[in-house]
Amino acid sequence: MPERGPATTPSHDSSPEPPSAPAATASLTRARRTSLLVTFVLGGLTALPPLSMDMYLPALPQVTGALNSSAATIQLTLTACLAGMALGQLVIGPMSDRWGRRRPLLVGMAVYVLATAICALAPTAELLISFRLLQGLAGAAGVVIARAVVRDLYDGDEMARFFSTLMLISGAAPIVAPLIGGQVLRFADWRGVFVVLTGVGAVLTLMVWRGLGETLPPERRHTGGVGSALRTMRGLLGDRVFTGYTLTGGFAFAALFSYISASPFVVQEIYGASPQTFSLLFGLNSVGLILVGQINGKLLVGRVSLDKVLAVGLAVVTASTVSLLLMTTGVFGEVGLVPVATALFVLMSAMGIVLPNTNAQALMRTPHAAGSASALLGTSSFLVGAIASPLVGIAGEDTAVPMALVQLVCAVLAASCFLVLCRPWQKRGAPAVPATAGN
């Protein structure tokens, strides 16, 4: 299906006379600039979760000592932010189907900036956990509405390509964020990380205000209340294929987040790497994710079935988690950082195939309720990730076995949901249309 241009693209002159060449060129240039700006804004919004998580990762051991807390307690600051993003999407997604994308997004971003600023001042671990939860609830507006906007603007293979393009931007966040976090720790303590995040949130809010127009016209909005939103979500979950892709992406993300949560302790505490070395390895893994994502969008989409590509990605993720478990349990003897880092690199890179394609395949079935569908996609990912996060530290800071085991279980569950619910070998029926009030 052909690409639908962004709603912010300027309209063409209605005059019957053909425009002059300079005027036509200027109009095309303005349209391209607008489209590019929208791409950067959406990329920034989807980058907000990794920025909020990954810039803070090098500081986790320092926060543990500064607030006199255990590693498990400080890992709850990650879990709280992730749980907030999960629950926030469940509320904000349907709101954006009713009131449009722009207003809920701006309110959410403003609260995110305020909550992040308070995190920088938190005197106790309990208060930090509380405001990380609020930070996640507000930051959910960015990621859930960004996906809904993509669904408003694109369809079919074009949507899958655009998700891969967004990964070029959002995938750069895990590269830059730990590097920035590591450098901030050279000149300030962990609170400086939240000061930087506050500035990033403020800049992104300004970009949304100036650069992102409304993409959901009034005639396509849902006019019902909470009951209508719940009926819409029930209808979406009644679509077996949509639910399959949602769970597949959710469990895959949980395998990824298990790495994000545990890697600061595994790399720095178990293998003795410095915060700067950890940041470098984390950034290298993100480069792999970006490169594979671009291969997916530029070379594979439109040439190979999305389901076939997704199956390969899930197989690679599963194989890498098996190798990690074998290494961490000592099957291959005493292994150093390099083999473990290599397996983690393969896992992260394969996510460049799995995540954009599960999102695209699920949202293709939901043009009628993109906000609610995006909320269910995001909530499943962040909620399962939040559950997996504390499990990776359950055996303490001296072993990486829990991380590898949680990753393997999540990878197997993701592949199982794909095979059992999506049934990629079968011809698909029409997607279920949820009942909505006022439409």
# chains A, B, ... in the order shown; residues from 1 in each chain; ligands from 1

call {"tool": "residues_around", "arguments": {"residues": "Arg220 of chain A", "least_positions_apart": "4", "cutoff": "9 Å", "atoms": "only C-alpha atoms", "output": "PyMOL selection string"}}
result
chain A and resi 97-98+216+368+439

call {"tool": "residues_around", "arguments": {"residues": "Leu247 of chain A", "least_positions_apart": "4", "cutoff": "12 Å", "atoms": "only C-alpha atoms", "output": "CSV table (one decimal) with all heavy atoms, in the first residue's frame"}}
result
chain,number,residue,atom,x,y,z
A,237,LEU,N,-7.9,-7.9,21.9
A,237,LEU,CA,-7.3,-9.1,22.5
A,237,LEU,C,-8.1,-10.3,22.0
A,237,LEU,O,-7.5,-11.5,22.0
A,237,LEU,CB,-7.4,-9.0,24.0
A,237,LEU,CG,-6.4,-8.0,24.6
A,237,LEU,CD1,-6.6,-7.9,26.1
A,237,LEU,CD2,-5.0,-8.3,24.3
A,240,ARG,N,-6.8,-13.3,17.7
A,240,ARG,CA,-5.8,-14.2,18.1
A,240,ARG,C,-4.4,-13.8,17.5
A,240,ARG,O,-3.4,-13.9,18.2
A,240,ARG,CB,-6.1,-15.7,17.7
A,240,ARG,CG,-4.9,-16.6,17.8
A,240,ARG,CD,-5.4,-18.0,17.3
A,240,ARG,NE,-5.9,-18.0,16.0
A,240,ARG,CZ,-5.2,-18.0,14.9
A,240,ARG,NH1,-3.9,-17.9,14.9
A,240,ARG,NH2,-5.8,-18.0,13.7
A,241,VAL,N,-4.4,-13.4,16.3
A,241,VAL,CA,-3.2,-13.0,15.6
A,241,VAL,C,-2.5,-11.8,16.3
A,241,VAL,O,-1.3,-11.7,16.5
A,241,VAL,CB,-3.4,-12.9,14.1
A,241,VAL,CG1,-2.1,-12.5,13.4
A,241,VAL,CG2,-3.9,-14.2,13.5
A,242,PHE,N,-3.4,-10.8,16.5
A,242,PHE,CA,-2.9,-9.6,17.2
A,242,PHE,C,-2.3,-9.9,18.5
A,242,PHE,O,-1.2,-9.4,18.9
A,242,PHE,CB,-4.0,-8.5,17.3
A,242,PHE,CG,-3.6,-7.3,18.2
A,242,PHE,CD1,-2.9,-6.3,17.6
A,242,PHE,CD2,-4.0,-7.3,19.5
A,242,PHE,CE1,-2.5,-5.2,18.4
A,242,PHE,CE2,-3.6,-6.2,20.3
A,242,PHE,CZ,-2.9,-5.2,19.8
A,243,THR,N,-3.0,-10.7,19.3
A,243,THR,CA,-2.5,-11.1,20.6
A,243,THR,C,-1.2,-11.9,20.5
A,243,THR,O,-0.3,-11.7,21.3
A,243,THR,CB,-3.6,-11.9,21.3
A,243,THR,OG1,-4.8,-11.2,21.5
A,243,THR,CG2,-3.1,-12.4,22.7
A,251,PHE,N,7.5,-10.7,25.2
A,251,PHE,CA,8.5,-11.7,25.7
A,251,PHE,C,9.9,-11.4,25.2
A,251,PHE,O,10.9,-11.5,25.9
A,251,PHE,CB,8.1,-13.1,25.5
A,251,PHE,CG,7.0,-13.6,26.4
A,251,PHE,CD1,5.8,-14.0,25.9
A,251,PHE,CD2,7.2,-13.6,27.8
A,251,PHE,CE1,4.8,-14.4,26.8
A,251,PHE,CE2,6.2,-14.0,28.7
A,251,PHE,CZ,4.9,-14.4,28.2
A,252,ALA,N,10.0,-11.0,23.9
A,252,ALA,CA,11.3,-10.7,23.3
A,252,ALA,C,11.9,-9.5,24.0
A,252,ALA,O,13.0,-9.4,24.3
A,252,ALA,CB,11.1,-10.4,21.8
A,253,PHE,N,11.0,-8.5,24.3
A,253,PHE,CA,11.5,-7.3,25.0
A,253,PHE,C,11.9,-7.6,26.4
A,253,PHE,O,12.9,-7.0,26.9
A,253,PHE,CB,10.4,-6.2,25.0
A,253,PHE,CG,10.8,-5.0,25.7
A,253,PHE,CD1,11.5,-4.0,25.0
A,253,PHE,CD2,10.5,-4.7,27.0
A,253,PHE,CE1,11.9,-2.8,25.7
A,253,PHE,CE2,10.8,-3.6,27.7
A,253,PHE,CZ,11.5,-2.6,27.0
A,254,ALA,N,11.2,-8.6,27.0
A,254,ALA,CA,11.6,-9.0,28.4
A,254,ALA,C,13.0,-9.6,28.4
A,254,ALA,O,13.8,-9.4,29.3
A,254,ALA,CB,10.6,-9.9,28.9
A,354,VAL,N,13.3,-8.5,15.3
A,354,VAL,CA,12.1,-9.0,16.1
A,354,VAL,C,11.2,-7.8,16.4
A,354,VAL,O,10.0,-7.9,16.2
A,354,VAL,CB,12.6,-9.7,17.3
A,354,VAL,CG1,11.3,-10.1,18.2
A,354,VAL,CG2,13.3,-11.0,17.0
A,355,LEU,N,11.7,-6.7,17.0
A,355,LEU,CA,10.9,-5.7,17.6
A,355,LEU,C,10.1,-4.9,16.5
A,355,LEU,O,8.9,-4.7,16.6
A,355,LEU,CB,11.7,-4.8,18.5
A,355,LEU,CG,12.3,-5.5,19.7
A,355,LEU,CD1,13.1,-4.5,20.6
A,355,LEU,CD2,11.2,-6.2,20.6
A,358,THR,N,7.3,-7.3,14.8
A,358,THR,CA,6.2,-7.6,15.7
A,358,THR,C,5.3,-6.4,15.8
A,358,THR,O,4.0,-6.5,15.7
A,358,THR,CB,6.6,-8.1,17.1
A,358,THR,OG1,7.5,-7.1,17.6
A,358,THR,CG2,7.2,-9.4,17.0
A,359,ASN,N,5.8,-5.2,16.0
A,359,ASN,CA,5.0,-4.0,16.0
A,359,ASN,C,4.2,-3.8,14.7
A,359,ASN,O,3.0,-3.5,14.7
A,359,ASN,CB,5.9,-2.8,16.3
A,359,ASN,CG,6.3,-2.7,17.7
A,359,ASN,OD1,5.7,-3.2,18.6
A,359,ASN,ND2,7.4,-2.0,18.0
A,362,ALA,N,1.4,-6.4,14.2
A,362,ALA,CA,0.3,-6.2,15.1
A,362,ALA,C,-0.6,-5.0,14.6
A,362,ALA,O,-1.8,-5.0,14.6
A,362,ALA,CB,0.7,-6.1,16.5
A,376,LEU,N,-1.6,-1.6,24.2
A,376,LEU,CA,-1.5,-3.1,24.5
A,376,LEU,C,-0.1,-3.6,24.1
A,376,LEU,O,0.4,-4.4,24.9
A,376,LEU,CB,-2.6,-3.9,23.8
A,376,LEU,CG,-4.0,-3.6,24.3
A,376,LEU,CD1,-5.1,-4.3,23.4
A,376,LEU,CD2,-4.2,-4.1,25.8
A,377,LEU,N,0.4,-3.2,23.0
A,377,LEU,CA,1.7,-3.6,22.6
A,377,LEU,C,2.8,-3.1,23.6
A,377,LEU,O,3.6,-3.9,24.1
A,377,LEU,CB,2.1,-3.0,21.2
A,377,LEU,CG,1.6,-3.7,20.0
A,377,LEU,CD1,1.8,-2.8,18.8
A,377,LEU,CD2,2.2,-5.0,19.8
A,378,GLY,N,2.7,-1.9,24.0
A,378,GLY,CA,3.7,-1.3,24.9
A,378,GLY,C,3.5,-1.8,26.3
A,378,GLY,O,4.5,-2.2,27.0
A,379,THR,N,2.3,-2.0,26.8
A,379,THR,CA,2.0,-2.5,28.1
A,379,THR,C,2.5,-3.9,28.3
A,379,THR,O,3.2,-4.2,29.3
A,379,THR,CB,0.5,-2.4,28.5
A,379,THR,OG1,0.1,-1.0,28.4
A,379,THR,CG2,0.2,-3.0,29.9
A,380,SER,N,2.3,-4.7,27.3
A,380,SER,CA,2.7,-6.1,27.4
A,380,SER,C,4.3,-6.2,27.5
A,380,SER,O,4.8,-6.9,28.3
A,380,SER,CB,2.2,-7.0,26.3
A,380,SER,OG,2.8,-6.5,25.0
A,381,SER,N,4.9,-5.4,26.7
A,381,SER,CA,6.4,-5.4,26.7
A,381,SER,C,6.9,-4.9,28.0
A,381,SER,O,7.8,-5.5,28.6
A,381,SER,CB,6.9,-4.5,25.5
A,381,SER,OG,6.5,-5.0,24.3
A,382,PHE,N,6.5,-3.7,28.4
A,382,PHE,CA,7.0,-3.1,29.7
A,382,PHE,C,6.6,-3.9,30.9
A,382,PHE,O,7.4,-4.0,31.9
A,382,PHE,CB,6.6,-1.6,29.8
A,382,PHE,CG,7.4,-0.7,28.8
A,382,PHE,CD1,6.8,-0.4,27.6
A,382,PHE,CD2,8.6,-0.2,29.1
A,382,PHE,CE1,7.5,0.4,26.7
A,382,PHE,CE2,9.3,0.6,28.2
A,382,PHE,CZ,8.8,0.9,27.0
A,383,LEU,N,5.4,-4.4,30.9
A,383,LEU,CA,5.0,-5.1,32.1
A,383,LEU,C,5.8,-6.4,32.3
A,383,LEU,O,6.2,-6.8,33.4
A,383,LEU,CB,3.5,-5.4,32.0
A,383,LEU,CG,2.8,-5.9,33.3
A,383,LEU,CD1,3.0,-4.9,34.4
A,383,LEU,CD2,1.3,-6.2,33.1
A,384,VAL,N,5.9,-7.2,31.2
A,384,VAL,CA,6.7,-8.4,31.3
A,384,VAL,C,8.1,-8.1,31.6
A,384,VAL,O,8.8,-8.8,32.4
A,384,VAL,CB,6.6,-9.3,30.0
A,384,VAL,CG1,7.4,-10.5,30.0
A,384,VAL,CG2,5.1,-9.7,29.7
A,385,GLY,N,8.7,-7.0,31.0
A,385,GLY,CA,10.0,-6.6,31.3
A,385,GLY,C,10.2,-6.2,32.8
A,385,GLY,O,11.2,-6.6,33.4
A,410,CYS,N,12.2,-16.3,28.4
A,410,CYS,CA,11.5,-15.3,27.6
A,410,CYS,C,11.6,-15.6,26.1
A,410,CYS,O,10.6,-15.4,25.4
A,410,CYS,CB,12.0,-13.9,28.0
A,410,CYS,SG,11.7,-13.4,29.6
A,411,ALA,N,12.8,-16.0,25.7
A,411,ALA,CA,13.0,-16.3,24.2
A,411,ALA,C,12.1,-17.5,23.8
A,411,ALA,O,11.5,-17.4,22.7
A,411,ALA,CB,14.4,-16.6,23.9
A,412,VAL,N,12.1,-18.5,24.6
A,412,VAL,CA,11.2,-19.7,24.3
A,412,VAL,C,9.7,-19.3,24.3
A,412,VAL,O,9.0,-19.7,23.4
A,412,VAL,CB,11.5,-20.8,25.3
A,412,VAL,CG1,10.5,-22.0,25.1
A,412,VAL,CG2,12.9,-21.4,25.1
A,413,LEU,N,9.3,-18.5,25.3
A,413,LEU,CA,7.9,-18.1,25.3
A,413,LEU,C,7.6,-17.2,24.1
A,413,LEU,O,6.5,-17.3,23.5
A,413,LEU,CB,7.6,-17.3,26.6
A,413,LEU,CG,7.6,-18.2,27.9
A,413,LEU,CD1,7.5,-17.3,29.1
A,413,LEU,CD2,6.5,-19.2,27.8
A,414,ALA,N,8.5,-16.3,23.7
A,414,ALA,CA,8.2,-15.5,22.5
A,414,ALA,C,8.1,-16.4,21.2
A,414,ALA,O,7.1,-16.2,20.5
A,414,ALA,CB,9.4,-14.5,22.3
A,415,ALA,N,9.0,-17.3,21.1
A,415,ALA,CA,8.9,-18.2,19.9
A,415,ALA,C,7.6,-19.0,19.9
A,415,ALA,O,6.9,-19.3,18.9
A,415,ALA,CB,10.1,-19.1,19.8
A,416,SER,N,7.2,-19.5,21.1
A,416,SER,CA,6.0,-20.3,21.3
A,416,SER,C,4.7,-19.5,20.9
A,416,SER,O,3.8,-20.0,20.2
A,416,SER,CB,5.9,-20.9,22.7
A,416,SER,OG,7.0,-21.7,23.0
A,417,CYS,N,4.7,-18.3,21.4
A,417,CYS,CA,3.5,-17.4,21.1
A,417,CYS,C,3.4,-17.2,19.6
A,417,CYS,O,2.3,-17.2,19.0
A,417,CYS,CB,3.6,-16.1,21.8
A,417,CYS,SG,3.3,-16.2,23.6
A,418,PHE,N,4.5,-17.0,18.9
A,418,PHE,CA,4.6,-16.7,17.5
A,418,PHE,C,4.0,-18.0,16.7
A,418,PHE,O,3.2,-17.8,15.8
A,418,PHE,CB,6.0,-16.4,17.1
A,418,PHE,CG,6.2,-16.2,15.6
A,418,PHE,CD1,5.5,-15.2,14.9
A,418,PHE,CD2,7.0,-17.1,14.9
A,418,PHE,CE1,5.7,-15.0,13.5
A,418,PHE,CE2,7.2,-16.9,13.5
A,418,PHE,CZ,6.5,-15.9,12.8
A,419,LEU,N,4.5,-19.1,17.1
A,419,LEU,CA,4.1,-20.4,16.4
A,419,LEU,C,2.6,-20.8,16.8
A,419,LEU,O,1.9,-21.1,15.9
A,419,LEU,CB,5.0,-21.5,16.8
A,419,LEU,CG,6.5,-21.3,16.3
A,419,LEU,CD1,7.3,-22.5,16.9
A,419,LEU,CD2,6.5,-21.3,14.8
A,420,VAL,N,2.2,-20.7,18.0
A,420,VAL,CA,0.9,-21.2,18.4
A,420,VAL,C,-0.2,-20.2,18.1
A,420,VAL,O,-1.3,-20.6,17.7
A,420,VAL,CB,0.9,-21.5,19.9
A,420,VAL,CG1,-0.5,-21.9,20.4
A,420,VAL,CG2,1.9,-22.6,20.2
A,421,LEU,N,0.0,-18.9,18.3
A,421,LEU,CA,-1.0,-17.9,18.1
A,421,LEU,C,-1.0,-17.3,16.7
A,421,LEU,O,-2.1,-17.1,16.1
A,421,LEU,CB,-0.9,-16.8,19.2
A,421,LEU,CG,-1.2,-17.3,20.6
A,421,LEU,CD1,-1.0,-16.2,21.6
A,421,LEU,CD2,-2.6,-18.0,20.8
A,422,CYS,N,0.2,-16.9,16.3
A,422,CYS,CA,0.2,-16.2,14.9
A,422,CYS,C,0.1,-17.2,13.8
A,422,CYS,O,-0.4,-16.9,12.7
A,422,CYS,CB,1.5,-15.4,14.8
A,422,CYS,SG,1.8,-14.2,16.1

call {"tool": "residues_around", "arguments": {"residues": "Val335 of chain A", "least_positions_apart": "2", "cutoff": "12 Å", "atoms": "only C-alpha atoms", "output": "list in words"}}
result
Ile270, Tyr271, Ser323, Leu324, Leu325, Leu326, Met327, Thr328, Thr329, Gly330, Val331, Phe332, Gly333, Leu337, Val338, Pro339, Val340, Ala341, Thr342 and Ala400 of chain A

call {"tool": "write_last_selection", "arguments": {"atoms": "all heavy atoms", "output": "CSV table (one decimal), in the first residue's frame"}}
result
chain,number,residue,atom,x,y,z
A,270,ILE,N,31.0,-8.7,38.2
A,270,ILE,CA,31.4,-10.1,38.0
A,270,ILE,C,32.7,-10.1,37.1
A,270,ILE,O,33.7,-10.8,37.5
A,270,ILE,CB,30.3,-11.0,37.4
A,270,ILE,CG1,29.1,-11.0,38.3
A,270,ILE,CG2,30.9,-12.4,37.0
A,270,ILE,CD1,28.0,-11.8,37.8
A,271,TYR,N,32.7,-9.3,36.1
A,271,TYR,CA,33.9,-9.4,35.1
A,271,TYR,C,34.9,-8.2,35.3
A,271,TYR,O,35.8,-8.1,34.6
A,271,TYR,CB,33.4,-9.4,33.7
A,271,TYR,CG,32.7,-10.8,33.4
A,271,TYR,CD1,31.3,-10.8,33.4
A,271,TYR,CD2,33.5,-11.9,33.1
A,271,TYR,CE1,30.7,-12.1,33.1
A,271,TYR,CE2,32.8,-13.1,32.8
A,271,TYR,CZ,31.4,-13.2,32.8
A,271,TYR,OH,30.8,-14.4,32.6
A,323,SER,N,23.3,-20.3,24.5
A,323,SER,CA,24.8,-20.2,24.6
A,323,SER,C,25.2,-19.5,25.9
A,323,SER,O,26.1,-19.8,26.6
A,323,SER,CB,25.4,-19.6,23.4
A,323,SER,OG,25.0,-18.2,23.3
A,324,LEU,N,24.4,-18.4,26.2
A,324,LEU,CA,24.7,-17.7,27.4
A,324,LEU,C,24.5,-18.5,28.7
A,324,LEU,O,25.3,-18.5,29.6
A,324,LEU,CB,23.8,-16.4,27.5
A,324,LEU,CG,24.3,-15.2,26.8
A,324,LEU,CD1,23.2,-14.2,26.7
A,324,LEU,CD2,25.5,-14.6,27.4
A,325,LEU,N,23.5,-19.3,28.7
A,325,LEU,CA,23.2,-20.2,29.8
A,325,LEU,C,24.3,-21.2,30.0
A,325,LEU,O,24.8,-21.5,31.1
A,325,LEU,CB,21.8,-20.8,29.7
A,325,LEU,CG,21.4,-21.7,30.9
A,325,LEU,CD1,21.3,-20.8,32.2
A,325,LEU,CD2,20.1,-22.3,30.6
A,326,LEU,N,24.7,-21.8,28.9
A,326,LEU,CA,25.8,-22.8,28.9
A,326,LEU,C,27.1,-22.2,29.5
A,326,LEU,O,27.8,-22.8,30.3
A,326,LEU,CB,26.0,-23.4,27.6
A,326,LEU,CG,24.9,-24.3,27.0
A,326,LEU,CD1,25.2,-24.7,25.6
A,326,LEU,CD2,24.6,-25.5,27.9
A,327,MET,N,27.4,-21.0,29.0
A,327,MET,CA,28.6,-20.3,29.5
A,327,MET,C,28.6,-19.9,30.9
A,327,MET,O,29.6,-20.1,31.7
A,327,MET,CB,28.9,-19.1,28.6
A,327,MET,CG,29.5,-19.4,27.2
A,327,MET,SD,30.0,-17.9,26.3
A,327,MET,CE,28.4,-17.2,25.8
A,328,THR,N,27.5,-19.4,31.4
A,328,THR,CA,27.4,-18.9,32.7
A,328,THR,C,27.3,-20.0,33.8
A,328,THR,O,27.6,-19.8,34.9
A,328,THR,CB,26.2,-17.9,32.9
A,328,THR,OG1,25.0,-18.6,32.5
A,328,THR,CG2,26.4,-16.7,32.1
A,329,THR,N,26.8,-21.2,33.3
A,329,THR,CA,26.7,-22.3,34.2
A,329,THR,C,28.0,-23.1,34.3
A,329,THR,O,28.1,-24.1,35.0
A,329,THR,CB,25.6,-23.2,33.9
A,329,THR,OG1,25.7,-23.6,32.5
A,329,THR,CG2,24.2,-22.6,34.1
A,330,GLY,N,29.0,-22.7,33.5
A,330,GLY,CA,30.3,-23.4,33.5
A,330,GLY,C,30.5,-24.6,32.7
A,330,GLY,O,31.4,-25.4,32.8
A,331,VAL,N,29.5,-24.8,31.7
A,331,VAL,CA,29.6,-26.0,30.9
A,331,VAL,C,30.9,-25.9,30.0
A,331,VAL,O,31.5,-27.0,29.7
A,331,VAL,CB,28.4,-26.1,29.9
A,331,VAL,CG1,28.6,-27.2,28.9
A,331,VAL,CG2,27.1,-26.4,30.8
A,332,PHE,N,31.3,-24.7,29.6
A,332,PHE,CA,32.5,-24.6,28.8
A,332,PHE,C,33.7,-24.2,29.7
A,332,PHE,O,34.7,-23.7,29.2
A,332,PHE,CB,32.3,-23.5,27.8
A,332,PHE,CG,31.2,-23.8,26.8
A,332,PHE,CD1,30.2,-22.8,26.6
A,332,PHE,CD2,31.1,-25.0,26.2
A,332,PHE,CE1,29.2,-23.1,25.7
A,332,PHE,CE2,30.1,-25.3,25.3
A,332,PHE,CZ,29.1,-24.3,25.0
A,333,GLY,N,33.6,-24.4,31.0
A,333,GLY,CA,34.7,-24.0,31.9
A,333,GLY,C,34.6,-22.5,32.2
A,333,GLY,O,33.6,-21.9,32.0
A,337,LEU,N,35.1,-12.3,29.8
A,337,LEU,CA,34.1,-11.3,29.3
A,337,LEU,C,33.8,-11.4,27.8
A,337,LEU,O,32.6,-11.2,27.4
A,337,LEU,CB,34.5,-9.9,29.7
A,337,LEU,CG,33.6,-8.7,29.3
A,337,LEU,CD1,32.2,-8.9,29.9
A,337,LEU,CD2,34.3,-7.4,29.7
A,338,VAL,N,34.8,-11.6,27.0
A,338,VAL,CA,34.6,-11.6,25.6
A,338,VAL,C,33.6,-12.6,25.0
A,338,VAL,O,32.7,-12.2,24.3
A,338,VAL,CB,36.0,-11.8,24.9
A,338,VAL,CG1,35.8,-11.9,23.3
A,338,VAL,CG2,36.9,-10.6,25.2
A,339,PRO,N,33.6,-13.9,25.4
A,339,PRO,CA,32.6,-14.8,24.9
A,339,PRO,C,31.1,-14.4,25.4
A,339,PRO,O,30.2,-14.4,24.6
A,339,PRO,CB,33.0,-16.1,25.5
A,339,PRO,CG,34.4,-16.0,25.8
A,339,PRO,CD,34.6,-14.6,26.2
A,340,VAL,N,31.0,-13.9,26.6
A,340,VAL,CA,29.7,-13.5,27.1
A,340,VAL,C,29.2,-12.3,26.4
A,340,VAL,O,28.1,-12.2,26.0
A,340,VAL,CB,29.8,-13.3,28.6
A,340,VAL,CG1,28.5,-12.6,29.1
A,340,VAL,CG2,30.1,-14.6,29.4
A,341,ALA,N,30.1,-11.3,26.2
A,341,ALA,CA,29.8,-10.1,25.5
A,341,ALA,C,29.4,-10.4,24.0
A,341,ALA,O,28.5,-9.7,23.5
A,341,ALA,CB,31.0,-9.1,25.5
A,342,THR,N,30.0,-11.4,23.4
A,342,THR,CA,29.7,-11.7,22.0
A,342,THR,C,28.3,-12.3,21.9
A,342,THR,O,27.5,-11.9,21.0
A,342,THR,CB,30.7,-12.8,21.5
A,342,THR,OG1,32.0,-12.2,21.5
A,342,THR,CG2,30.4,-13.2,20.1
A,400,ALA,N,25.9,-14.7,36.9
A,400,ALA,CA,25.1,-14.3,35.8
A,400,ALA,C,24.1,-15.3,35.3
A,400,ALA,O,23.4,-15.1,34.3
A,400,ALA,CB,26.0,-13.9,34.6

call {"tool": "select_by_dssp", "arguments": {"residues": "segment 160-319 of chain A", "states": "alpha helix (DSSP H)", "output": "number ranges by chain"}}
result
A: 160-170, 172-187, 191-211, 226-237, 240-265, 275-295, 306-319

call {"tool": "closest_residue", "arguments": {"among": "A:Val392, A:Ala373, A:Leu179, A:Leu306", "to": "Gln89 of chain A", "atoms": "only C-alpha atoms"}}
result
A:Ala373

call {"tool": "closest_residue", "arguments": {"among": "A:Ser372, A:Gln183, A:Ser69, A:Gln426", "to": "Gln276 of chain A", "atoms": "only C-alpha atoms"}}
result
A:Gln183

call {"tool": "closest_residue", "arguments": {"among": "A:Cys119, A:Ala173, A:Leu37, A:Met233", "to": "Gly192 of chain A", "atoms": "only C-alpha atoms"}}
result
A:Cys119

call {"tool": "decode", "arguments": {"residues": "segment 324-335 of chain A", "atoms": "N, CA, C and O atoms", "output": "tab-separated table (two decimals), in the first residue's frame"}}
result
chain	number	residue	atom	x	y	z
A	324	LEU	N	24.45	-18.41	26.21
A	324	LEU	CA	24.73	-17.66	27.44
A	324	LEU	C	24.53	-18.52	28.67
A	324	LEU	O	25.34	-18.49	29.61
A	325	LEU	N	23.46	-19.30	28.69
A	325	LEU	CA	23.21	-20.15	29.84
A	325	LEU	C	24.30	-21.21	29.99
A	325	LEU	O	24.77	-21.49	31.11
A	326	LEU	N	24.73	-21.77	28.88
A	326	LEU	CA	25.80	-22.78	28.94
A	326	LEU	C	27.10	-22.17	29.45
A	326	LEU	O	27.82	-22.78	30.25
A	327	MET	N	27.41	-20.95	29.02
A	327	MET	CA	28.65	-20.30	29.46
A	327	MET	C	28.60	-19.92	30.93
A	327	MET	O	29.57	-20.12	31.68
A	328	THR	N	27.47	-19.36	31.36
A	328	THR	CA	27.40	-18.88	32.74
A	328	THR	C	27.29	-20.01	33.75
A	328	THR	O	27.64	-19.83	34.93
A	329	THR	N	26.81	-21.17	33.33
A	329	THR	CA	26.75	-22.31	34.25
A	329	THR	C	28.03	-23.12	34.28
A	329	THR	O	28.13	-24.11	35.02
A	330	GLY	N	29.03	-22.74	33.47
A	330	GLY	CA	30.33	-23.39	33.51
A	330	GLY	C	30.46	-24.61	32.65
A	330	GLY	O	31.43	-25.37	32.81
A	331	VAL	N	29.53	-24.84	31.73
A	331	VAL	CA	29.63	-26.00	30.85
A	331	VAL	C	30.91	-25.95	30.02
A	331	VAL	O	31.53	-26.98	29.74
A	332	PHE	N	31.31	-24.74	29.61
A	332	PHE	CA	32.52	-24.57	28.81
A	332	PHE	C	33.73	-24.22	29.68
A	332	PHE	O	34.75	-23.75	29.17
A	333	GLY	N	33.61	-24.40	30.97
A	333	GLY	CA	34.70	-24.02	31.85
A	333	GLY	C	34.63	-22.54	32.20
A	333	GLY	O	33.61	-21.88	32.01
A	334	GLU	N	35.72	-22.03	32.70
A	334	GLU	CA	35.77	-20.61	33.07
A	334	GLU	C	35.90	-19.76	31.82
A	334	GLU	O	36.88	-19.86	31.07
A	335	VAL	N	34.90	-18.93	31.54
A	335	VAL	CA	34.94	-18.06	30.36
A	335	VAL	C	35.10	-16.62	30.82
A	335	VAL	O	34.65	-16.23	31.90
